[in-house]
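**Student:** The structure that follows is given in the form of structure tokens.
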Amino acid sequence: TTAPPPQPGPPGRHLGHYPSLPPGYQNTPAPQNATSAMHPAIQAATQPYSQAPQRYQQVRVKSQPHAYIVLLEHFAYKVLFVCISLCGFGSTCFPPGGPGPAQLSPSLAAMSLQSSTPEALRVVNLLQERNLLPPGPIPAPIPCLPQDLQKINCNPEVFRCTLTSIPQTQSLLSKAKMPLGLLLHPFKDLSQLPVVTSSTIVRCRSCRTYINPFVSFLDQRRWKCNLCYRVNDVPEEFMYNPVSRSYGEPHKRPEVQNATIEFIAPSEYMLRPPQPAVYLFVLDVSHNAVETGYLNVFCQSLLDNINALPGDSRTKVGFISFDSTIHFYNLQEGLSQPQMLIVSDIEGETFFFSFKDHLPTLFEKTMETQSALGPALQAAFKLLSPTGGRMSVFQTQLPNLGVGALQSREDPNQRASAKDIQHLSPATDFYKKLALDCSGQQVAVDLFLLSARYCDLASLGCISRYSAGSVYYYPSYHHQHNPAQVECFQKDLKRYLTRKIGFEAVMRIRCTKGLSIHTFHGNFFVRSTDLLSLPNVNPDAGFAVQMSIEENLDDMQVVSFQAALLYTSSKGERRIRVHTLCLPVVNSMSDIFAGADVQAITGLLACMAVDRSASASLSDARDAMTNAAIDSLTSYRQSVLTIQQPGLLAPACLRLFPLYILALLKQKAFRTGTSTRLDDRVFAMCQLKYQPLAYAMLMIHPALYRVDDLTDEGALNINERTIPQPRVLQLTVEKLSREGAFLMDAGMVMYLWIGRNCNPNFLTQVLGVPSYAAVPDNLYLLPELDTAESQRTRAFIGWLRDQRPFFPSLHVIRDESQLKPSFMQNMIEDRTESALSYYEFLLHLQQQISK
């Protein structure tokens, strides 16, 4: 094993740990129900306080809760007070039943207790409180579990749920009017990933769940599955701990100490020998493509990074180029330059030869304007079918020749006025069918679209969506006229060529008995009810799933979810990455609301709205998102609030929900009344479905910072770099000042807005210009000046860029800049020609709720 030594849990861990055995325990029959194997303390501590005896609801120790722990005679209450003092979630941690007041010691009964509401349920009147944005990033809510389980639970950046407290019944979930679902980033680059090599991977014999920190050990030789509750034997090999090199402590194995772990799989996890790393590049070389200049950038990037392509000695690289014909290349060792084979019969069989460089010069004088993309994809598919691999397609125009030819479906005159947007669905099923063929042969297709004109991304995107590929989009790409996009393309291409890759992958998501998964979001093909086919998996792909509660969970204190990703590494190893998430079960509306994860809910609703836009209409999707805010706040008012009061009321944990819904309505994917190009809209929809939540949220609600007065106060120190941490501002022009400079981080793009009377010191020390009028029109690079102000600003922007897998371009804008409307479009709290201001939207919600 290469796993780091695990940190032993504190005394008293009970899930993933077996209690000492009383005499004759071995003769006791295995427990029958879901939770009887758990220690009473765990049963108690994972229950909401709303089921506690009446007198002990809404309690909080007045001062220094730790000081009272010694007074508690019952272990369950010890856990209770640790929860109150450490997680601050008194309302969802108090045990039910348990010993009543009469059984408690006189010391505890005499303690002064007072009523308190957890912060998550603090009532906020949205019409009165304007400054709701926290100054920094919003952390994911922590599930209300005992401390030792909290510490070992899955990282929310990898695996999180819209509700961190799961309702006991579907009717309770329906009453809460909030979606239940999971958001995953399963192949995320991780700095610490325990890797285990074992000939025996321990799994439940019934449901095939991998052993994990949330199983129960009944004794040394038996463990109970936390998903289906079957009792399984502990294999002999599992009794030995390779980390501690000790025998007889299976609960200390890395698999039971880590909620995320990777196995190097034995041979039974292989249907065939692991495939080699095979990369095929399919390149548009029409006149339009040559004019953009992308070929030079592509070839240079490939030459710079060819040795960093993931793979081993079996790695293969190939090339196809196409215009109205398809070209293959032969570069054997004895040849002085590449030989090109032209196939003009674009319906015929083709053969593949390897190619190395000299591509841009071959087509620099071409006048060929047609694009036979469909036949080129078919040819590439035939070449990759025997092995599987990655197909990288570069396209600069609407394909207009052969199979898969498309016609323009965009009417620019319809853009500004239409409430419903046409043509969000593909015009042909050719690209979807070909993608499914690719998926069956373990081929994923990544699409790079570099075009100033309409390309019908709604149709072309299917080739990536159903083959588990990615879509990259560079509108108005040109090597001279748009240098910011060239920089973006270069940086994205470097990461794309060198990032980790998994081949011939499948992912299965399992959940505790009683829960069911019914809708998946992301780029994949669903092979069976819960198995996603991922010919390639990459560290930048996100997924979401919608769930429902099929059977009551009333005899359970916790439920678990497990995502298992089986893939072949670029070095030819078969590996399994497993993530397990554990959440408490509750039966009161207040506990459900207290555990709401507002960002996860927003991310899942965005995925659902994309589907609704294509299957029904854009106006349907917009109405559904607005209704999600109305319904959840109505439910909160009717089912949780005990005292009715005027205003638009929300629990603190959902205080940003209306703002995020308004942000979605104004997002490029869903907005109306503005001149949004169809491809731009479809690409935004693709991104919302595919991006991991952290990146999608920046696209939905950008972050605004004032940067002309950056200081080192509160700064981070990372790799000997000082990173300023300015506070996040509301997205309204009220927060702008003509004397300042403001950075807007919108995920895939950043804007640096310079006020007309901007501090002259900032202009000279950061931009290197003497005055506002001297700021260049198309400035996209900050000069590297030897000043403290320049270093702080570049460090902050560089740090923001480093946190994401794609490279956001930077545009420095003034009042006169062409991009100023794009910057202003992201001022979500302000009114636009066709959309309400935030305050007007709140009034609309209040009106609907009070009907």
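By order in the structure tokens, chains are A, B, ...; within a chain, residues start at 1; ligands start at 1, following the order shown.
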Can you list, as an NGL selection string, every protein, DNA or RNA residue that comes within 12 Å of range 382-386 of chain A when you count only C-alpha atoms, leaving out same-chain residues fewer than 6 positions away?
**Tutor:** :A and (275-282 or 316-320 or 328 or 348-354 or 375-376 or 392 or 434 or 437-445 or 535)
**Student:** Residues near Asp777 in chain A, anyone? I mean within 10 Å using only C-alpha atoms, not counting same-chain ones fewer than 2 positions away, as a list in words.
**Tutor:**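 Result of the neighbour search: Ala773, Ala774, Val775, Leu779, Tyr780, His811, Val812, Ile813, Arg814, Glu816, Ser817, Gln818 and Leu819 of chain A.
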**Student:** Please write the residues from the selection above to a file, keeping C-alpha atoms, as a PDB file, in the first residue's frame.
**Tutor:**
```
ATOM      1  CA  ALA A 773      -7.311  58.275 -20.982  1.00  0.00           C
ATOM      2  CA  ALA A 774      -4.081  56.355 -21.598  1.00  0.00           C
ATOM      3  CA  VAL A 775      -5.561  52.954 -20.658  1.00  0.00           C
ATOM      4  CA  LEU A 779      -5.651  45.578 -22.617  1.00  0.00           C
ATOM      5  CA  TYR A 780      -5.760  41.936 -21.458  1.00  0.00           C
ATOM      6  CA  HIS A 811     -10.315  42.343 -19.964  1.00  0.00           C
ATOM      7  CA  VAL A 812      -9.395  45.801 -18.653  1.00  0.00           C
ATOM      8  CA  ILE A 813     -12.366  48.040 -19.415  1.00  0.00           C
ATOM      9  CA  ARG A 814     -13.249  51.723 -19.212  1.00  0.00           C
ATOM     10  CA  GLU A 816     -16.006  53.617 -23.413  1.00  0.00           C
ATOM     11  CA  SER A 817     -15.068  49.933 -23.807  1.00  0.00           C
ATOM     12  CA  GLN A 818     -17.084  47.642 -26.064  1.00  0.00           C
ATOM     13  CA  LEU A 819     -17.142  45.053 -23.271  1.00  0.00           C
TER      14      LEU A 819
END
```
**Student:** Give me the residues within 10 Å of Arg637 in chain A as a PDB file with C-alpha atoms, in the first residue's frame, counting only C-alpha atoms and dropping any in the same chain fewer than 5 places off.
**Tutor:**
```
ATOM      1  CA  ASP A 631     -42.402  27.141  -3.072  1.00  0.00           C
ATOM      2  CA  SER A 632     -39.489  26.631  -0.676  1.00  0.00           C
ATOM      3  CA  THR A 642     -44.045  29.500  14.620  1.00  0.00           C
ATOM      4  CA  ILE A 643     -44.728  33.250  14.701  1.00  0.00           C
ATOM      5  CA  GLN A 644     -46.044  34.787  11.499  1.00  0.00           C
ATOM      6  CA  GLN A 645     -44.682  38.246  10.725  1.00  0.00           C
ATOM      7  CA  LEU A 648     -40.245  38.062   2.881  1.00  0.00           C
ATOM      8  CA  LEU A 649     -38.830  35.623   5.401  1.00  0.00           C
ATOM      9  CA  ALA A 650     -36.128  33.023   4.846  1.00  0.00           C
ATOM     10  CA  PRO A 651     -33.926  30.926   7.101  1.00  0.00           C
ATOM     11  CA  ILE A 849     -46.154  33.749  -1.426  1.00  0.00           C
TER      12      ILE A 849
END
```
**Student:** Just checking: using only C-alpha atoms, which residue out of A:Thr672, A:Asn226, A:Ser590, A:Thr369 ends up closest to Pro118 in chain A?
**Tutor:**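 Distance minimum relative to Pro118 in chain A lands on A:Ser590.
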**Student:** Calculated over only C-alpha atoms, which of the candidates A:Val243, A:Ala289, A:Val578, A:Cys686 has the smallest distance to Ser464 in chain A?
**Tutor:**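 Among the listed residues, the smallest separation from Ser464 in chain A belongs to A:Cys686.
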**Student:** For Leu654 in chain A, work out the shell of residues within 12 Å, counting only C-alpha atoms and skipping chain neighbours fewer than 4 positions away, then give it as number ranges by chain.
**Tutor:** A: 119-126, 132-133, 141, 162-163, 178, 592-602, 629, 632-633, 636, 648-650, 658-661
**Student:** Quick one: write out the picked residues with N, CA, C and O atoms as a compact mmCIF listing (two decimals), in the first residue's frame?
**Tutor:**
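The new file out-v2.txt reads:
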```txt
# COMPACT_ATOMS: atom_id res chain seq x y z
N GLU A 119 -27.94 29.05 13.96
CA GLU A 119 -27.72 30.12 12.98
C GLU A 119 -28.41 29.81 11.65
O GLU A 119 -28.97 30.70 11.01
N ALA A 120 -28.38 28.55 11.22
CA ALA A 120 -28.97 28.19 9.92
C ALA A 120 -30.45 28.52 9.85
O ALA A 120 -30.98 28.78 8.76
N LEU A 121 -31.14 28.52 11.02
CA LEU A 121 -32.58 28.77 11.02
C LEU A 121 -32.93 30.18 11.51
O LEU A 121 -34.11 30.50 11.69
N ARG A 122 -31.93 31.01 11.71
CA ARG A 122 -32.21 32.40 12.10
C ARG A 122 -33.08 33.04 11.02
O ARG A 122 -32.80 32.94 9.84
N VAL A 123 -34.16 33.71 11.43
CA VAL A 123 -35.10 34.29 10.48
C VAL A 123 -34.51 35.57 9.88
O VAL A 123 -34.06 36.45 10.61
N VAL A 124 -34.51 35.64 8.56
CA VAL A 124 -34.00 36.82 7.85
C VAL A 124 -35.14 37.41 7.03
O VAL A 124 -35.78 36.69 6.25
N ASN A 125 -35.40 38.69 7.22
CA ASN A 125 -36.37 39.39 6.36
C ASN A 125 -35.60 39.95 5.17
O ASN A 125 -34.88 40.95 5.29
N LEU A 126 -35.75 39.32 4.01
CA LEU A 126 -34.94 39.66 2.84
C LEU A 126 -35.22 41.08 2.35
O LEU A 126 -34.37 41.70 1.70
N LEU A 132 -26.33 40.71 2.44
CA LEU A 132 -26.40 39.30 2.83
C LEU A 132 -25.17 38.51 2.40
O LEU A 132 -24.93 37.42 2.88
N LEU A 133 -24.40 39.05 1.45
CA LEU A 133 -23.24 38.30 0.96
C LEU A 133 -22.15 38.26 2.03
O LEU A 133 -21.77 39.30 2.57
N PRO A 141 -22.37 23.57 4.09
CA PRO A 141 -22.82 23.25 5.46
C PRO A 141 -22.26 21.91 5.91
O PRO A 141 -22.05 21.00 5.09
N THR A 162 -27.76 18.27 -1.76
CA THR A 162 -28.55 19.49 -1.64
C THR A 162 -29.12 19.66 -0.24
O THR A 162 -29.32 20.78 0.22
N LEU A 163 -29.41 18.55 0.43
CA LEU A 163 -29.92 18.59 1.80
C LEU A 163 -28.97 17.78 2.68
O LEU A 163 -28.83 16.57 2.48
N MET A 178 -37.96 21.35 -1.72
CA MET A 178 -36.57 21.55 -2.15
C MET A 178 -36.10 20.27 -2.84
O MET A 178 -36.49 19.17 -2.45
N ILE A 592 -34.85 19.73 8.28
CA ILE A 592 -34.58 19.66 6.83
C ILE A 592 -34.08 21.01 6.34
O ILE A 592 -33.06 21.11 5.64
N PHE A 593 -34.78 22.09 6.74
CA PHE A 593 -34.36 23.42 6.29
C PHE A 593 -33.00 23.80 6.86
O PHE A 593 -32.19 24.42 6.17
N ALA A 594 -32.75 23.44 8.12
CA ALA A 594 -31.47 23.80 8.73
C ALA A 594 -30.28 23.18 7.98
O ALA A 594 -29.18 23.72 7.99
N GLY A 595 -30.52 22.06 7.31
CA GLY A 595 -29.43 21.38 6.60
C GLY A 595 -29.39 21.68 5.12
O GLY A 595 -28.67 21.01 4.37
N ALA A 596 -30.14 22.69 4.65
CA ALA A 596 -30.17 22.99 3.21
C ALA A 596 -28.84 23.58 2.75
O ALA A 596 -28.29 24.48 3.39
N ASP A 597 -28.33 23.09 1.64
CA ASP A 597 -27.09 23.59 1.03
C ASP A 597 -27.49 24.45 -0.16
O ASP A 597 -27.80 23.96 -1.24
N VAL A 598 -27.50 25.78 0.04
CA VAL A 598 -28.10 26.67 -0.96
C VAL A 598 -27.35 26.63 -2.30
O VAL A 598 -27.97 26.72 -3.37
N GLN A 599 -26.03 26.46 -2.27
CA GLN A 599 -25.30 26.41 -3.54
C GLN A 599 -25.55 25.10 -4.28
O GLN A 599 -25.73 25.09 -5.50
N ALA A 600 -25.59 24.00 -3.54
CA ALA A 600 -25.87 22.71 -4.19
C ALA A 600 -27.27 22.70 -4.78
O ALA A 600 -27.50 22.18 -5.89
N ILE A 601 -28.24 23.28 -4.06
CA ILE A 601 -29.61 23.36 -4.58
C ILE A 601 -29.63 24.17 -5.87
O ILE A 601 -30.25 23.79 -6.87
N THR A 602 -28.92 25.30 -5.88
CA THR A 602 -28.87 26.15 -7.07
C THR A 602 -28.23 25.42 -8.24
O THR A 602 -28.73 25.48 -9.37
N ALA A 629 -38.10 29.02 -5.82
CA ALA A 629 -37.89 29.97 -4.72
C ALA A 629 -39.19 30.23 -3.98
O ALA A 629 -39.23 30.23 -2.74
N SER A 632 -40.28 26.96 -1.87
CA SER A 632 -39.49 26.63 -0.68
C SER A 632 -39.71 27.66 0.43
O SER A 632 -39.82 27.31 1.61
N LEU A 633 -39.79 28.95 0.07
CA LEU A 633 -40.02 29.97 1.10
C LEU A 633 -41.44 29.91 1.65
O LEU A 633 -41.67 30.20 2.83
N TYR A 636 -41.35 27.07 4.10
CA TYR A 636 -40.67 27.51 5.33
C TYR A 636 -41.63 28.34 6.19
O TYR A 636 -41.73 28.14 7.40
N LEU A 648 -40.64 39.27 3.61
CA LEU A 648 -40.25 38.06 2.88
C LEU A 648 -39.22 37.34 3.74
O LEU A 648 -38.06 37.76 3.84
N LEU A 649 -39.65 36.27 4.37
CA LEU A 649 -38.83 35.62 5.40
C LEU A 649 -38.16 34.37 4.86
O LEU A 649 -38.76 33.57 4.14
N ALA A 650 -36.90 34.20 5.24
CA ALA A 650 -36.13 33.02 4.85
C ALA A 650 -35.25 32.61 6.01
O ALA A 650 -34.85 33.46 6.83
N PRO A 658 -33.06 33.39 -3.24
CA PRO A 658 -33.67 34.25 -4.26
C PRO A 658 -32.64 34.98 -5.13
O PRO A 658 -32.85 35.16 -6.33
N LEU A 659 -31.55 35.41 -4.51
CA LEU A 659 -30.50 36.09 -5.28
C LEU A 659 -29.91 35.15 -6.34
O LEU A 659 -29.71 35.55 -7.49
N TYR A 660 -29.65 33.90 -5.96
CA TYR A 660 -29.10 32.94 -6.91
C TYR A 660 -30.10 32.61 -8.02
O TYR A 660 -29.72 32.42 -9.18
N ILE A 661 -31.39 32.53 -7.67
CA ILE A 661 -32.40 32.26 -8.70
C ILE A 661 -32.47 33.43 -9.69
O ILE A 661 -32.51 33.24 -10.91
```
**Student:** Please measure the separation of CA of Tyr294 in chain A and CA of Leu447 in chain A, giving the value in Å to one decimal.
**Tutor:** 14.1 Å
**Student:** Apply DSSP to the backbone of this structure and, from range 653-829 of chain A, keep only the residues in strand (DSSP E); write these as a list in words.
**Tutor:**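 Checking each residue of range 653-829 of chain A, the strand (DSSP E) ones are Ala703, Leu704, Tyr705, Arg706, Leu716, Asn717, Ile718, Arg721, Thr722, Ile723, Ala741, Phe742, Leu743, Met744, Asp745, Val749, Met750, Tyr751, Leu752, Trp753, Ile754, Ser809, Leu810, His811, Val812 and Ile813 of chain A.
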**Student:** Taking 3 positions as the minimum chain separation for residues in the same chain, which residues sit within 10 Å of Thr396 in chain A when counting only C-alpha atoms? Answer as a VMD selection string.
**Tutor:** chain A and resid 283 to 292 294 371 399 448 to 455 474 to 477
**Student:** Using the selection just defined, write its residues with C-alpha atoms as a PDB file, in the first residue's frame.
**Tutor:**
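For reference, out.pdb as written:
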```pdb
ATOM      1  CA  LEU A 283      -8.253  19.330 -37.525  1.00  0.00           C
ATOM      2  CA  ASP A 284     -10.313  21.719 -39.650  1.00  0.00           C
ATOM      3  CA  VAL A 285      -7.970  23.103 -42.363  1.00  0.00           C
ATOM      4  CA  SER A 286     -10.512  25.007 -44.453  1.00  0.00           C
ATOM      5  CA  HIS A 287      -9.842  28.610 -45.542  1.00  0.00           C
ATOM      6  CA  ASN A 288     -11.826  29.867 -42.543  1.00  0.00           C
ATOM      7  CA  ALA A 289      -9.722  27.751 -40.156  1.00  0.00           C
ATOM      8  CA  VAL A 290      -6.421  28.922 -41.645  1.00  0.00           C
ATOM      9  CA  GLU A 291      -7.590  32.548 -41.391  1.00  0.00           C
ATOM     10  CA  THR A 292      -8.137  32.258 -37.634  1.00  0.00           C
ATOM     11  CA  TYR A 294      -5.418  28.481 -34.652  1.00  0.00           C
ATOM     12  CA  SER A 371     -16.366  21.474 -44.202  1.00  0.00           C
ATOM     13  CA  PRO A 399     -20.285  21.656 -41.322  1.00  0.00           C
ATOM     14  CA  PHE A 448     -12.903  22.766 -29.671  1.00  0.00           C
ATOM     15  CA  LEU A 449     -15.105  25.301 -31.438  1.00  0.00           C
ATOM     16  CA  LEU A 450     -13.263  28.417 -32.657  1.00  0.00           C
ATOM     17  CA  SER A 451     -15.646  30.545 -34.648  1.00  0.00           C
ATOM     18  CA  ALA A 452     -17.082  34.022 -35.029  1.00  0.00           C
ATOM     19  CA  ARG A 453     -20.101  32.644 -36.889  1.00  0.00           C
ATOM     20  CA  TYR A 454     -22.962  30.359 -35.914  1.00  0.00           C
ATOM     21  CA  CYS A 455     -21.849  26.710 -35.706  1.00  0.00           C
ATOM     22  CA  TYR A 474     -13.808  30.410 -28.338  1.00  0.00           C
ATOM     23  CA  PRO A 475     -16.226  32.775 -30.100  1.00  0.00           C
ATOM     24  CA  SER A 476     -14.587  35.318 -32.409  1.00  0.00           C
ATOM     25  CA  TYR A 477     -11.219  33.560 -32.150  1.00  0.00           C
TER      26      TYR A 477
END
```
**Student:** Could you tell me how far CA of His579 in chain A sits from CA of Ala609 in chain A, in Å to one decimal place?
**Tutor:**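 Between CA of Ala609 in chain A and CA of His579 in chain A the gap works out to 27.1 Å.
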**Student:** Please identify all polymer residues within 6 Å of range 425-433 of chain A, counting only C-alpha atoms, omitting same-chain residues fewer than 4 positions from it, and present them as a PyMOL selection string.
**Tutor:** chain A and resi 404+458-459+462-463+614
**Student:** What does the file look like for those residues with N, CA and C atoms, as a PDB file, in the first residue's frame?
**Tutor:**
```
ATOM      1  N   GLY A 404     -24.115  14.598 -41.663  1.00  0.00           N
ATOM      2  CA  GLY A 404     -23.980  15.551 -40.558  1.00  0.00           C
ATOM      3  C   GLY A 404     -23.941  16.998 -40.990  1.00  0.00           C
ATOM      4  N   ALA A 458     -25.733  23.326 -30.521  1.00  0.00           N
ATOM      5  CA  ALA A 458     -26.783  22.437 -30.008  1.00  0.00           C
ATOM      6  C   ALA A 458     -26.717  21.075 -30.687  1.00  0.00           C
ATOM      7  N   SER A 459     -26.326  21.046 -31.972  1.00  0.00           N
ATOM      8  CA  SER A 459     -26.182  19.772 -32.685  1.00  0.00           C
ATOM      9  C   SER A 459     -24.788  19.181 -32.487  1.00  0.00           C
ATOM     10  N   CYS A 462     -23.536  17.333 -29.149  1.00  0.00           N
ATOM     11  CA  CYS A 462     -23.959  15.958 -28.814  1.00  0.00           C
ATOM     12  C   CYS A 462     -22.804  14.971 -28.938  1.00  0.00           C
ATOM     13  N   ILE A 463     -21.849  15.250 -29.832  1.00  0.00           N
ATOM     14  CA  ILE A 463     -20.733  14.320 -30.038  1.00  0.00           C
ATOM     15  C   ILE A 463     -19.903  14.200 -28.764  1.00  0.00           C
ATOM     16  N   ALA A 614     -34.768  22.491 -23.083  1.00  0.00           N
ATOM     17  CA  ALA A 614     -34.730  21.712 -24.317  1.00  0.00           C
ATOM     18  C   ALA A 614     -35.989  20.871 -24.495  1.00  0.00           C
TER      19      ALA A 614
END
```
